[in-house]
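**Student:** This is work-v1.txt, which holds compact mmCIF, C-alpha atoms (C1' of nucleotides):
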# COMPACT_ATOMS: atom_id res chain seq x y z
CA MET F 1 48.83 219.31 110.63
CA LYS F 2 51.84 217.29 111.58
CA LYS F 3 54.98 219.00 112.76
CA ILE F 4 58.11 217.33 111.41
CA LYS F 5 61.71 217.68 112.46
CA VAL F 6 64.18 217.35 109.63
CA LEU F 7 67.95 217.31 109.68
CA LYS F 8 70.23 219.34 107.44
CA LYS F 9 70.61 217.71 104.02
CA GLN F 10 67.45 215.69 104.38
CA ILE F 11 65.49 215.57 101.15
CA LEU F 12 61.75 216.20 101.48
CA GLN F 13 60.77 215.88 97.86
CA ARG F 14 62.38 214.70 94.65
CA LYS F 15 61.62 215.60 91.07
CA GLY F 16 59.04 213.15 89.77
CA ASP F 17 57.48 212.42 93.17
CA LEU F 18 53.71 212.17 93.26
CA TYR F 19 51.48 213.34 96.10
CA SER F 20 53.81 216.19 96.96
CA LYS F 21 52.97 218.51 99.82
CA SER F 22 53.57 222.12 100.79
CA TYR F 23 56.00 222.75 103.61
CA LYS F 24 55.56 225.56 106.06
CA VAL F 25 58.83 226.39 107.77
CA GLU F 26 58.54 226.93 111.54
CA SER F 27 62.27 227.13 112.10
CA GLY F 28 65.35 226.41 110.03
CA LEU F 29 65.83 226.78 106.29
CA LEU F 30 64.65 224.85 103.25
CA ARG F 31 65.38 225.29 99.58
CA SER F 32 63.79 224.17 96.33
CA TYR F 33 65.94 223.45 93.29
CA THR F 34 66.28 221.58 90.01
CA ILE F 35 69.09 219.58 88.52
CA ASP F 36 69.64 220.11 84.79
CA GLU F 37 70.81 217.58 82.18
CA LYS F 38 74.41 218.48 82.87
CA GLY F 39 73.91 217.64 86.54
CA LYS F 40 74.04 221.26 87.64
CA GLU F 41 71.83 222.47 90.47
CA HIS F 42 69.71 225.59 90.08
CA ILE F 43 68.15 227.02 93.22
CA PHE F 44 64.68 228.46 92.90
CA MET F 45 63.93 229.55 96.38
CA PHE F 46 65.29 229.72 99.89
CA GLY F 47 62.62 229.20 102.56
CA PRO F 48 63.47 230.55 106.02
CA GLU F 49 61.13 230.72 109.04
CA GLY F 50 57.58 231.70 108.17
CA TRP F 51 57.82 230.83 104.49
CA ILE F 52 55.99 228.14 102.63
CA VAL F 53 58.09 226.06 100.31
CA THR F 54 56.26 224.15 97.64
CA ASP F 55 56.46 222.98 94.11
CA TYR F 56 53.55 224.58 92.34
CA VAL F 57 52.18 221.53 90.62
CA SER F 58 48.67 220.15 90.93
CA PRO F 59 48.26 217.68 93.80
CA ASN F 60 48.67 214.53 91.74
CA GLU F 61 51.09 215.62 89.07
CA PRO F 62 54.72 214.53 89.29
CA CYS F 63 56.70 217.37 90.74
CA GLU F 64 59.41 219.38 89.09
CA LEU F 65 61.60 220.45 91.96
CA TYR F 66 63.70 218.94 94.69
CA ILE F 67 63.18 220.30 98.19
CA ASP F 68 65.69 219.76 100.95
CA ALA F 69 66.80 221.21 104.28
CA LEU F 70 69.85 223.50 104.46
CA GLU F 71 69.63 223.59 108.25
CA ASP F 72 68.00 221.38 110.87
CA SER F 73 64.41 222.52 110.65
CA VAL F 74 60.94 222.14 112.05
CA ILE F 75 58.27 222.15 109.40
CA VAL F 76 54.57 221.55 108.94
CA ALA F 77 53.52 219.46 105.97
CA ILE F 78 50.31 220.70 104.40
CA GLU F 79 48.20 218.60 102.05
CA LYS F 80 47.74 220.43 98.77
CA THR F 81 44.22 219.09 98.49
CA SER F 82 43.07 220.83 101.66
CA SER F 83 41.56 223.91 100.14
CA GLN F 84 41.67 226.04 103.28
CA ASP F 85 45.26 226.91 102.61
CA ILE F 86 44.86 227.81 98.96
CA ASP F 87 45.52 231.49 99.22
CA LEU F 88 45.30 233.05 95.81
CA LYS F 89 47.35 236.02 96.89
CA LYS F 90 50.28 233.72 97.63
CA PHE F 91 50.06 232.35 94.10
CA ILE F 92 49.97 235.81 92.64
CA LYS F 93 52.91 236.86 94.75
CA ARG F 94 54.88 233.83 93.63
CA ILE F 95 54.13 234.63 90.00
CA ARG F 96 55.36 238.18 90.48
CA VAL F 97 58.56 236.96 92.08
CA LEU F 98 59.13 234.63 89.15
CA GLN F 99 58.27 237.33 86.63
CA ASN F 100 60.75 239.60 88.32
CA ARG F 101 63.35 236.85 88.28
CA VAL F 102 62.87 236.43 84.54
CA ILE F 103 63.29 240.18 83.99
CA MET F 104 66.44 240.15 86.13
CA LEU F 105 67.92 237.22 84.25
CA MET F 106 67.19 238.85 80.91
CA SER F 107 68.19 242.42 81.61
CA ALA F 108 70.45 242.70 84.65
CA THR F 109 74.13 241.83 85.01
CA ALA F 110 75.26 239.26 87.56
CA SER F 111 76.42 242.14 89.73
CA ASP F 112 73.00 243.81 89.64
CA ARG F 113 71.35 240.53 90.47
CA TYR F 114 73.64 240.10 93.46
CA GLU F 115 72.87 243.59 94.75
CA HIS F 116 69.19 242.88 94.37
CA PHE F 117 69.55 239.60 96.20
CA ILE F 118 71.38 241.01 99.21
CA SER F 119 68.93 243.85 99.58
CA THR F 120 65.93 241.53 99.26
CA TYR F 121 67.20 238.65 101.39
CA PRO F 122 69.90 240.15 103.65
CA ASN F 123 69.47 237.47 106.29
CA ILE F 124 69.94 234.56 103.92
CA ILE F 125 73.50 235.40 102.92
CA GLN F 126 75.08 234.54 106.24
CA ARG F 127 73.23 231.25 106.43
CA VAL F 128 74.06 229.55 103.14
CA PRO F 129 77.35 228.84 101.39
CA GLN F 130 78.39 231.17 98.57
CA HIS F 131 78.05 228.56 95.88
CA MET F 132 74.33 228.33 96.64
CA ILE F 133 73.90 232.08 96.29
CA ALA F 134 75.71 231.73 92.97
CA SER F 135 73.36 228.93 91.99
CA TYR F 136 70.36 231.12 92.83
CA LEU F 137 71.79 234.00 90.80
CA GLY F 138 72.59 231.78 87.84
CA ILE F 139 76.36 232.23 87.90
CA THR F 140 79.36 230.17 88.96
CA PRO F 141 80.85 230.38 92.46
CA GLU F 142 84.06 231.76 90.92
CA ALA F 143 82.17 234.56 89.21
CA LEU F 144 80.42 235.45 92.46
CA SER F 145 83.69 235.45 94.32
CA SER F 146 85.42 237.85 91.95
CA LEU F 147 82.29 239.96 91.79
CA LYS F 148 82.38 240.30 95.57
CA SER F 149 86.01 241.35 95.68
CA GLN F 150 85.43 243.94 92.95
CA ARG F 151 82.53 245.23 95.04
CA LEU F 152 84.73 245.51 98.13
CA ARG F 153 87.46 247.32 96.22
CA SER F 154 85.03 249.82 94.74
CA LYS F 155 83.51 250.59 98.14
CA GLN F 156 86.76 251.50 99.92
CA MET D 1 31.51 239.90 78.83
CA LYS D 2 32.24 242.56 76.27
CA LYS D 3 33.89 241.65 73.03
CA ILE D 4 36.41 244.26 71.91
CA LYS D 5 38.08 244.77 68.56
CA VAL D 6 41.60 246.10 68.80
CA LEU D 7 43.97 247.16 66.07
CA LYS D 8 47.59 246.13 65.73
CA LYS D 9 49.87 248.21 68.01
CA GLN D 10 47.01 249.22 70.27
CA ILE D 11 48.01 249.19 73.92
CA LEU D 12 45.55 247.54 76.29
CA GLN D 13 47.41 248.00 79.52
CA ARG D 14 50.43 249.95 80.72
CA LYS D 15 52.73 249.31 83.64
CA GLY D 16 51.33 251.08 86.68
CA ASP D 17 47.71 250.95 85.55
CA LEU D 18 45.16 250.12 88.22
CA TYR D 19 42.01 248.05 87.72
CA SER D 20 43.67 245.88 85.10
CA LYS D 21 41.74 243.09 83.46
CA SER D 22 42.40 239.72 81.93
CA TYR D 23 42.12 239.43 78.17
CA LYS D 24 40.86 236.34 76.46
CA VAL D 25 41.96 236.24 72.85
CA GLU D 26 39.23 235.19 70.38
CA SER D 27 41.31 235.95 67.32
CA GLY D 28 44.55 237.73 66.62
CA LEU D 29 47.64 237.96 68.81
CA LEU D 30 48.51 239.85 71.98
CA ARG D 31 51.73 240.08 73.94
CA SER D 32 52.72 241.10 77.44
CA TYR D 33 56.08 242.73 78.10
CA THR D 34 58.13 245.02 80.32
CA ILE D 35 60.45 247.87 79.57
CA ASP D 36 63.61 247.97 81.68
CA GLU D 37 65.54 251.01 82.95
CA LYS D 38 67.62 251.03 79.77
CA GLY D 39 64.45 251.26 77.71
CA LYS D 40 64.74 247.72 76.43
CA GLU D 41 61.61 245.63 75.92
CA HIS D 42 61.38 242.11 77.35
CA ILE D 43 58.53 239.96 76.14
CA PHE D 44 56.91 237.67 78.68
CA MET D 45 54.25 236.01 76.69
CA PHE D 46 52.66 235.78 73.29
CA GLY D 47 48.89 235.23 73.40
CA PRO D 48 47.36 233.76 70.24
CA GLU D 49 43.74 232.60 69.82
CA GLY D 50 42.35 230.80 72.83
CA TRP D 51 44.88 232.14 75.30
CA ILE D 52 44.29 234.41 78.22
CA VAL D 53 46.75 237.24 78.57
CA THR D 54 46.95 238.87 81.95
CA ASP D 55 49.28 240.47 84.38
CA TYR D 56 49.10 238.36 87.50
CA VAL D 57 48.63 241.11 90.03
CA SER D 58 45.79 241.41 92.50
CA PRO D 59 42.79 243.30 91.12
CA ASN D 60 43.65 246.68 92.60
CA GLU D 61 47.42 246.63 92.56
CA PRO D 62 49.29 248.64 89.95
CA CYS D 63 50.28 246.29 87.18
CA GLU D 64 53.77 245.33 86.14
CA LEU D 65 53.41 244.57 82.47
CA TYR D 66 52.39 246.24 79.26
CA ILE D 67 49.94 244.40 77.06
CA ASP D 68 49.43 245.27 73.41
CA ALA D 69 48.17 243.79 70.16
CA LEU D 70 50.62 242.41 67.59
CA GLU D 71 47.80 241.80 65.12
CA ASP D 72 44.28 243.16 64.74
CA SER D 73 42.43 241.10 67.33
CA VAL D 74 39.10 240.35 68.90
CA ILE D 75 39.28 239.92 72.63
CA VAL D 76 37.07 239.56 75.66
CA ALA D 77 37.94 241.62 78.72
CA ILE D 78 37.35 239.73 81.94
CA GLU D 79 37.10 241.42 85.32
CA LYS D 80 39.65 239.95 87.70
CA THR D 81 37.25 240.29 90.58
CA SER D 82 34.73 237.92 89.05
CA SER D 83 35.74 234.80 90.89
CA GLN D 84 34.09 232.37 88.51
CA ASP D 85 37.06 232.58 86.24
CA ILE D 86 39.72 232.12 88.89
CA ASP D 87 40.95 228.77 87.81
CA LEU D 88 43.70 227.65 90.13
CA LYS D 89 45.04 225.25 87.53
CA LYS D 90 45.74 228.15 85.20
CA PHE D 91 47.77 229.83 87.93
CA ILE D 92 49.70 226.67 88.57
CA LYS D 93 50.34 226.22 84.88
CA ARG D 94 51.58 229.78 84.60
CA ILE D 95 53.94 229.26 87.53
CA ARG D 96 55.34 226.15 85.89
CA VAL D 97 55.90 228.00 82.65
CA LEU D 98 57.75 230.73 84.52
CA GLN D 99 59.74 228.20 86.54
CA ASN D 100 60.73 226.52 83.34
CA ARG D 101 61.68 229.85 81.80
CA VAL D 102 63.93 230.57 84.78
CA ILE D 103 65.60 227.17 84.40
CA MET D 104 66.10 227.78 80.70
CA LEU D 105 67.59 231.22 81.26
CA MET D 106 69.97 229.87 83.88
CA SER D 107 71.07 226.65 82.26
CA ALA D 108 70.41 226.61 78.52
CA THR D 109 72.27 228.39 75.74
CA ALA D 110 70.47 230.86 73.48
CA SER D 111 70.44 228.16 70.82
CA ASP D 112 68.76 225.65 73.14
CA ARG D 113 66.20 228.24 74.14
CA TYR D 114 65.44 228.92 70.50
CA GLU D 115 64.97 225.22 69.75
CA HIS D 116 62.68 224.95 72.74
CA PHE D 117 60.71 227.96 71.60
CA ILE D 118 60.12 226.75 68.07
CA SER D 119 59.05 223.32 69.23
CA THR D 120 56.72 224.76 71.87
CA TYR D 121 55.22 227.62 69.83
CA PRO D 122 55.77 226.64 66.17
CA ASN D 123 52.88 228.78 64.94
CA ILE D 124 54.09 231.97 66.59
CA ILE D 125 57.32 232.24 64.64
CA GLN D 126 55.73 233.11 61.31
CA ARG D 127 53.52 235.72 62.92
CA VAL D 128 55.94 237.96 64.78
CA PRO D 129 59.13 239.73 63.72
CA GLN D 130 62.43 238.11 64.68
CA HIS D 131 63.42 240.82 67.06
CA MET D 132 60.41 239.96 69.22
CA ILE D 133 61.42 236.32 69.33
CA ALA D 134 64.85 237.53 70.36
CA SER D 135 63.28 239.67 73.05
CA TYR D 136 61.36 236.67 74.36
CA LEU D 137 64.50 234.56 74.38
CA GLY D 138 66.53 237.24 76.12
CA ILE D 139 69.04 237.84 73.31
CA THR D 140 69.65 240.50 70.68
CA PRO D 141 68.14 240.28 67.17
CA GLU D 142 71.68 240.02 65.78
CA ALA D 143 72.45 237.05 68.00
CA LEU D 144 69.25 235.33 66.90
CA SER D 145 70.02 235.97 63.27
CA SER D 146 73.48 234.45 63.38
CA LEU D 147 72.15 231.61 65.50
CA LYS D 148 69.60 230.83 62.79
CA SER D 149 72.15 230.79 59.99
CA GLN D 150 74.42 228.51 61.99
CA ARG D 151 71.42 226.24 62.48
CA LEU D 152 70.72 226.19 58.75
CA ARG D 153 74.33 225.43 57.89
CA SER D 154 74.51 222.56 60.38
CA LYS D 155 71.30 221.00 59.01
CA GLN D 156 72.34 220.82 55.37
C1' DT M 1 95.25 213.83 115.79
C1' DA M 2 95.60 212.92 110.96
C1' DT M 3 93.35 212.88 106.67
C1' DA M 4 89.78 213.49 103.73
C1' DT M 5 86.12 216.45 102.05
C1' DG M 6 83.87 220.70 101.21
C1' DC M 7 84.31 225.63 100.46
C1' DA M 8 86.24 230.14 98.91
C1' DT M 9 89.60 232.68 96.44
C1' DT M 10 92.62 233.98 92.58
C1' DA M 11 94.48 233.87 88.07
C1' DA M 12 94.77 232.34 82.92
C1' DT M 13 92.42 231.32 79.15
C1' DG M 14 88.25 230.58 76.38
C1' DT M 15 83.72 231.71 74.48
C1' DA M 16 78.81 233.09 74.01
C1' DG M 17 76.59 236.73 73.10
C1' DA M 18 76.56 242.18 73.17
C1' DT M 19 77.65 246.16 70.67
C1' DT M 20 78.45 248.78 66.70
C1' DA M 21 78.03 249.60 62.05
C1' DA M 22 76.70 249.06 57.41
C1' DG M 23 73.92 247.39 53.69
C1' DA M 24 69.96 244.81 51.50
C1' DA M 25 65.19 243.69 51.44
C1' DA M 26 60.58 244.32 52.72
C1' DT M 27 56.72 247.12 54.26
C1' DC M 28 54.49 251.33 55.19
C1' DT M 29 52.94 255.90 53.89
C1' DA M 30 52.46 260.16 51.39
C1' DT A 1 55.43 255.49 42.62
C1' DA A 2 59.07 257.41 45.69
C1' DG A 3 60.81 258.06 50.00
C1' DA A 4 60.72 256.66 54.67
C1' DT A 5 60.70 253.25 58.02
C1' DT A 6 61.08 248.73 59.70
C1' DT A 7 63.24 244.32 59.42
C1' DC A 8 66.94 241.13 58.72
C1' DT A 9 71.60 239.85 57.88
C1' DT A 10 76.68 239.86 58.13
C1' DA A 11 81.03 241.04 59.96
C1' DA A 12 84.50 243.22 63.46
C1' DT A 13 85.32 244.13 67.91
C1' DC A 14 84.47 243.90 72.82
C1' DT A 15 83.15 242.07 77.39
C1' DA A 16 80.88 239.44 80.97
C1' DC A 17 81.04 235.32 82.56
C1' DA A 18 82.48 230.22 82.11
C1' DT A 19 86.05 226.94 82.49
C1' DT A 20 90.07 225.07 84.33
C1' DA A 21 93.34 224.71 87.68
C1' DA A 22 95.96 225.66 91.76
C1' DT A 23 96.07 227.08 96.68
C1' DG A 24 94.55 227.79 101.43
C1' DC A 25 91.26 227.19 104.91
C1' DA A 26 87.60 225.17 107.47
C1' DT A 27 84.90 221.34 108.73
C1' DA A 28 83.93 216.63 109.10
C1' DT A 29 85.25 211.84 109.89
C1' DA A 30 88.28 207.91 111.00
In structure tokens, how does this file's structure come out?
**Tutor:**
Amino acid sequence: MKKIKVLKKQILQRKGDLYSKSYKVESGLLRSYTIDEKGKEHIFMFGPEGWIVTDYVSPNEPCELYIDALEDSVIVAIEKTSSQDIDLKKFIKRIRVLQNRVIMLMSATASDRYEHFISTYPNIIQRVPQHMIASYLGITPEALSSLKSQRLRSKQ
Amino acid sequence: MKKIKVLKKQILQRKGDLYSKSYKVESGLLRSYTIDEKGKEHIFMFGPEGWIVTDYVSPNEPCELYIDALEDSVIVAIEKTSSQDIDLKKFIKRIRVLQNRVIMLMSATASDRYEHFISTYPNIIQRVPQHMIASYLGITPEALSSLKSQRLRSKQ
DNA sequence: TATATGCATTAATGTAGATTAAGAAATCTA
DNA sequence: TAGATTTCTTAATCTACATTAATGCATATA
């Protein structure tokens, strides 16, 4: 149970790393993401205070995701092998989130996905740049920008 | 451990059901899917022989997915509460599959997703109608059809 | 303080895939 | 066997979002 201070932009884990850990966020904000063949980043998850950010791979498999800090943060690194923290309900919850994400990507418009995002994670929006929200939603920053101004216009 | 015979089109589980089980496929083919607000089906998973098809919700939560049989099948229903079958590696594997699906939906074209599908599940293609493959890929049957003929043309 | 770098917005143009519609082929069912 | 139903294909049109590019602003760095 070691508490670690990390600075904004610090990378905790890279794709391909072995012996990856889980990171419990005490304060600050982490994210996990991939980089595709075209060099484009795709954000999987934002991890604010209280969340656990991890790449769900078995302890000794090479990991799939990058994890870095979006703000200066204090985190606790947890060994994946220590079984006391393997909470099956967390796994199930994560699967449901991912299932839901797949449904959203297949059936909802970018606009719907944005509405869903701001109602689910209202506190995240102020803390991360727009292009990262776009990356999470699976659209370009430009598309998000015009989507937002349409939204404003239609509300007033 | 009860072995059940189910006929094609038989529904094993509906969204909202409580006390859902896991289904191990001995022979035949199952699928899990959702129906969105517009009434459109989205297939999550095809489950041929040897696979376990389940909705990853906690034993007593209402489930999210429909599960039905695409072929006459023989299956074994497994209680979720029986902890002997809770294999963490299976959960992790499922999460990775879903993670990968999210990446694919966000970064790959329909054509890339189709190529990926046929190389990952080559045996499924002959067994299910095209519109279900399309549903799995997140495109319309028409889009899949034209995509296939383009593919043929470019190969010969 | 000046200059570079990152970020958000807007507009024009392009394109993947949706929608609609119609017809042919295959499969089911009476 | 005949009609109904499901499946697949093709083609025309439409639209959501990508791409490209230009501009303004904020933040970082020398």
**Student:** Please provide the set of residues having any atom within 9 Å of Gly50 in chain F, restricted to all atoms listed in the file, with same-chain residues fewer than 2 positions apart removed, written as a list of chain:residue names.
**Tutor:**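 Those residues are F:Lys24, F:Val25, F:Glu26, F:Ser27, F:Gly47, F:Pro48, F:Ile52.
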**Student:** Quick one: contact table of chain M to chain F, 9 Å max, nearest atom pair and distance in Å to one decimal per residue, counting all atoms listed in the file, chain and number order, as CSV?
**Tutor:**
residue,atom,partner,partner_atom,distance
M:DC7,C1',F:Pro129,CA,7.7
M:DA8,C1',F:Ser145,CA,7.5
M:DT9,C1',F:Ser145,CA,6.9
M:DT10,C1',F:Ser146,CA,8.2
**Student:** I'd like the neighbourhood of range 14-24 of chain M as a list in words, where a residue qualifies if any of its atoms comes within 10 Å (using only C-alpha atoms (C1' of nucleotides)), though same-chain residues fewer than 2 positions away should be ignored.
**Tutor:**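 Residues near the query, excluding close chain neighbours: Thr109, Ala110, Ile139, Thr140, Glu142, Ala143 and Leu144 of chain D; DA12 and DA26 of chain M; DC8, DT9, DT10, DA11, DA12, DT13, DC14, DT15, DA16, DC17, DA18, DT19 and DT20 of chain A.
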**Student:** Please produce a file of those selected residues containing C-alpha atoms (C1' of nucleotides), as a PDB file, keeping the file's coordinate frame.
**Tutor:**
ATOM      1  CA  THR D 109      72.270 228.390  75.740  1.00  0.00           C
ATOM      2  CA  ALA D 110      70.470 230.860  73.480  1.00  0.00           C
ATOM      3  CA  ILE D 139      69.040 237.840  73.310  1.00  0.00           C
ATOM      4  CA  THR D 140      69.650 240.500  70.680  1.00  0.00           C
ATOM      5  CA  GLU D 142      71.680 240.020  65.780  1.00  0.00           C
ATOM      6  CA  ALA D 143      72.450 237.050  68.000  1.00  0.00           C
ATOM      7  CA  LEU D 144      69.250 235.330  66.900  1.00  0.00           C
TER       8      LEU D 144
ATOM      9  C1'  DA M  12      94.770 232.340  82.920  1.00  0.00           C
ATOM     10  C1'  DA M  26      60.580 244.320  52.720  1.00  0.00           C
TER      11       DA M  26
ATOM     12  C1'  DC A   8      66.940 241.130  58.720  1.00  0.00           C
ATOM     13  C1'  DT A   9      71.600 239.850  57.880  1.00  0.00           C
ATOM     14  C1'  DT A  10      76.680 239.860  58.130  1.00  0.00           C
ATOM     15  C1'  DA A  11      81.030 241.040  59.960  1.00  0.00           C
ATOM     16  C1'  DA A  12      84.500 243.220  63.460  1.00  0.00           C
ATOM     17  C1'  DT A  13      85.320 244.130  67.910  1.00  0.00           C
ATOM     18  C1'  DC A  14      84.470 243.900  72.820  1.00  0.00           C
ATOM     19  C1'  DT A  15      83.150 242.070  77.390  1.00  0.00           C
ATOM     20  C1'  DA A  16      80.880 239.440  80.970  1.00  0.00           C
ATOM     21  C1'  DC A  17      81.040 235.320  82.560  1.00  0.00           C
ATOM     22  C1'  DA A  18      82.480 230.220  82.110  1.00  0.00           C
ATOM     23  C1'  DT A  19      86.050 226.940  82.490  1.00  0.00           C
ATOM     24  C1'  DT A  20      90.070 225.070  84.330  1.00  0.00           C
TER      25       DT A  20
END
**Student:** Please give chain D as a short mmCIF file (atom, residue, chain, number, x, y, z; two decimals) with C-alpha atoms, in the coordinates of the input, after it has been superposed on chain F by least squares over all Cα atoms paired in order.
**Tutor:**
data_model
loop_
_atom_site.label_atom_id
_atom_site.label_comp_id
_atom_site.auth_asym_id
_atom_site.auth_seq_id
_atom_site.Cartn_x
_atom_site.Cartn_y
_atom_site.Cartn_z
CA MET D 1 48.86 219.33 110.72
CA LYS D 2 51.89 217.29 111.63
CA LYS D 3 55.02 218.99 112.79
CA ILE D 4 58.15 217.32 111.44
CA LYS D 5 61.76 217.69 112.49
CA VAL D 6 64.22 217.36 109.64
CA LEU D 7 67.98 217.31 109.69
CA LYS D 8 70.27 219.33 107.46
CA LYS D 9 70.67 217.70 104.01
CA GLN D 10 67.49 215.69 104.38
CA ILE D 11 65.51 215.56 101.16
CA LEU D 12 61.78 216.18 101.49
CA GLN D 13 60.79 215.87 97.88
CA ARG D 14 62.40 214.70 94.66
CA LYS D 15 61.61 215.60 91.08
CA GLY D 16 59.01 213.17 89.78
CA ASP D 17 57.46 212.43 93.16
CA LEU D 18 53.69 212.21 93.25
CA TYR D 19 51.46 213.38 96.10
CA SER D 20 53.81 216.22 96.98
CA LYS D 21 52.98 218.55 99.82
CA SER D 22 53.58 222.12 100.81
CA TYR D 23 56.02 222.76 103.63
CA LYS D 24 55.59 225.57 106.08
CA VAL D 25 58.86 226.39 107.79
CA GLU D 26 58.59 226.93 111.57
CA SER D 27 62.32 227.14 112.09
CA GLY D 28 65.39 226.41 110.04
CA LEU D 29 65.87 226.78 106.29
CA LEU D 30 64.67 224.84 103.26
CA ARG D 31 65.40 225.27 99.58
CA SER D 32 63.81 224.16 96.34
CA TYR D 33 65.94 223.45 93.29
CA THR D 34 66.29 221.56 90.02
CA ILE D 35 69.09 219.57 88.53
CA ASP D 36 69.63 220.09 84.80
CA GLU D 37 70.79 217.57 82.18
CA LYS D 38 74.41 218.49 82.88
CA GLY D 39 73.91 217.64 86.53
CA LYS D 40 74.05 221.25 87.63
CA GLU D 41 71.84 222.45 90.48
CA HIS D 42 69.71 225.58 90.08
CA ILE D 43 68.16 226.99 93.22
CA PHE D 44 64.67 228.44 92.91
CA MET D 45 63.94 229.53 96.38
CA PHE D 46 65.29 229.71 99.88
CA GLY D 47 62.64 229.19 102.57
CA PRO D 48 63.52 230.54 106.02
CA GLU D 49 61.18 230.71 109.04
CA GLY D 50 57.64 231.69 108.18
CA TRP D 51 57.86 230.82 104.51
CA ILE D 52 56.01 228.14 102.65
CA VAL D 53 58.11 226.08 100.31
CA THR D 54 56.26 224.18 97.64
CA ASP D 55 56.45 223.00 94.11
CA TYR D 56 53.53 224.60 92.35
CA VAL D 57 52.16 221.55 90.61
CA SER D 58 48.65 220.20 90.91
CA PRO D 59 48.23 217.73 93.78
CA ASN D 60 48.64 214.57 91.74
CA GLU D 61 51.08 215.65 89.07
CA PRO D 62 54.70 214.55 89.28
CA CYS D 63 56.68 217.39 90.76
CA GLU D 64 59.40 219.39 89.10
CA LEU D 65 61.59 220.45 91.97
CA TYR D 66 63.69 218.95 94.71
CA ILE D 67 63.19 220.29 98.20
CA ASP D 68 65.72 219.75 100.97
CA ALA D 69 66.83 221.20 104.28
CA LEU D 70 69.87 223.49 104.46
CA GLU D 71 69.66 223.59 108.25
CA ASP D 72 68.04 221.37 110.87
CA SER D 73 64.44 222.53 110.66
CA VAL D 74 60.97 222.15 112.06
CA ILE D 75 58.30 222.17 109.41
CA VAL D 76 54.61 221.55 108.96
CA ALA D 77 53.54 219.46 105.98
CA ILE D 78 50.34 220.73 104.42
CA GLU D 79 48.22 218.65 102.07
CA LYS D 80 47.75 220.47 98.78
CA THR D 81 44.24 219.15 98.48
CA SER D 82 43.07 220.90 101.62
CA SER D 83 41.55 223.94 100.01
CA GLN D 84 41.53 226.09 103.12
CA ASP D 85 45.12 226.97 102.53
CA ILE D 86 44.81 227.83 98.86
CA ASP D 87 45.46 231.49 99.13
CA LEU D 88 45.26 233.04 95.70
CA LYS D 89 47.33 236.00 96.82
CA LYS D 90 50.23 233.70 97.57
CA PHE D 91 50.04 232.33 94.03
CA ILE D 92 49.96 235.80 92.59
CA LYS D 93 52.89 236.84 94.73
CA ARG D 94 54.86 233.81 93.60
CA ILE D 95 54.13 234.61 89.96
CA ARG D 96 55.36 238.16 90.46
CA VAL D 97 58.55 236.92 92.07
CA LEU D 98 59.14 234.61 89.13
CA GLN D 99 58.28 237.33 86.62
CA ASN D 100 60.75 239.58 88.31
CA ARG D 101 63.37 236.84 88.29
CA VAL D 102 62.88 236.42 84.54
CA ILE D 103 63.30 240.17 84.02
CA MET D 104 66.43 240.16 86.13
CA LEU D 105 67.93 237.22 84.27
CA MET D 106 67.21 238.85 80.92
CA SER D 107 68.20 242.41 81.64
CA ALA D 108 70.45 242.71 84.69
CA THR D 109 74.12 241.85 85.05
CA ALA D 110 75.25 239.26 87.60
CA SER D 111 76.40 242.14 89.78
CA ASP D 112 72.98 243.81 89.69
CA ARG D 113 71.32 240.52 90.52
CA TYR D 114 73.63 240.09 93.48
CA GLU D 115 72.86 243.58 94.78
CA HIS D 116 69.17 242.86 94.40
CA PHE D 117 69.54 239.58 96.23
CA ILE D 118 71.36 240.99 99.23
CA SER D 119 68.91 243.83 99.61
CA THR D 120 65.91 241.51 99.29
CA TYR D 121 67.19 238.61 101.42
CA PRO D 122 69.90 240.12 103.66
CA ASN D 123 69.51 237.43 106.31
CA ILE D 124 69.97 234.52 103.93
CA ILE D 125 73.52 235.38 102.92
CA GLN D 126 75.12 234.51 106.25
CA ARG D 127 73.26 231.22 106.41
CA VAL D 128 74.09 229.53 103.12
CA PRO D 129 77.38 228.84 101.36
CA GLN D 130 78.37 231.17 98.53
CA HIS D 131 78.04 228.58 95.86
CA MET D 132 74.32 228.32 96.63
CA ILE D 133 73.90 232.06 96.27
CA ALA D 134 75.70 231.72 92.96
CA SER D 135 73.34 228.93 91.98
CA TYR D 136 70.35 231.12 92.81
CA LEU D 137 71.78 233.99 90.81
CA GLY D 138 72.57 231.78 87.83
CA ILE D 139 76.36 232.23 87.90
CA THR D 140 79.36 230.17 88.95
CA PRO D 141 80.84 230.37 92.47
CA GLU D 142 84.04 231.75 90.92
CA ALA D 143 82.14 234.54 89.20
CA LEU D 144 80.40 235.43 92.46
CA SER D 145 83.67 235.46 94.33
CA SER D 146 85.40 237.85 91.96
CA LEU D 147 82.25 239.94 91.79
CA LYS D 148 82.34 240.31 95.58
CA SER D 149 85.98 241.37 95.68
CA GLN D 150 85.38 243.94 92.96
CA ARG D 151 82.48 245.22 95.04
CA LEU D 152 84.69 245.52 98.11
CA ARG D 153 87.42 247.33 96.21
CA SER D 154 84.97 249.83 94.72
CA LYS D 155 83.47 250.60 98.15
CA GLN D 156 86.69 251.49 99.93
#
**Student:** Taking all atoms listed in the file into account, name the residue in D:Asn60, D:Gln13, D:Thr34, D:Ser20 that is nearest to chain F.
**Tutor:**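 Closest to chain F of all the choices is D:Thr34.
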**Student:** How many Å lie between CA of Ser154 in chain F and CA of Leu105 in chain F, rounded to one decimal?
**Tutor:**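 It comes out at 23.7 Å.
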**Student:** One decimal, Å: what's the distance from CA of Arg31 in chain F over to CA of Val53 in chain F, could you say?
**Tutor:** 7.4 Å
**Student:** One decimal, in Å: what's the spacing between CA of Pro59 in chain D and CA of Thr81 in chain D?
**Tutor:**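 Value for the CA of Pro59 in chain D-CA of Thr81 in chain D distance: 6.3 Å.
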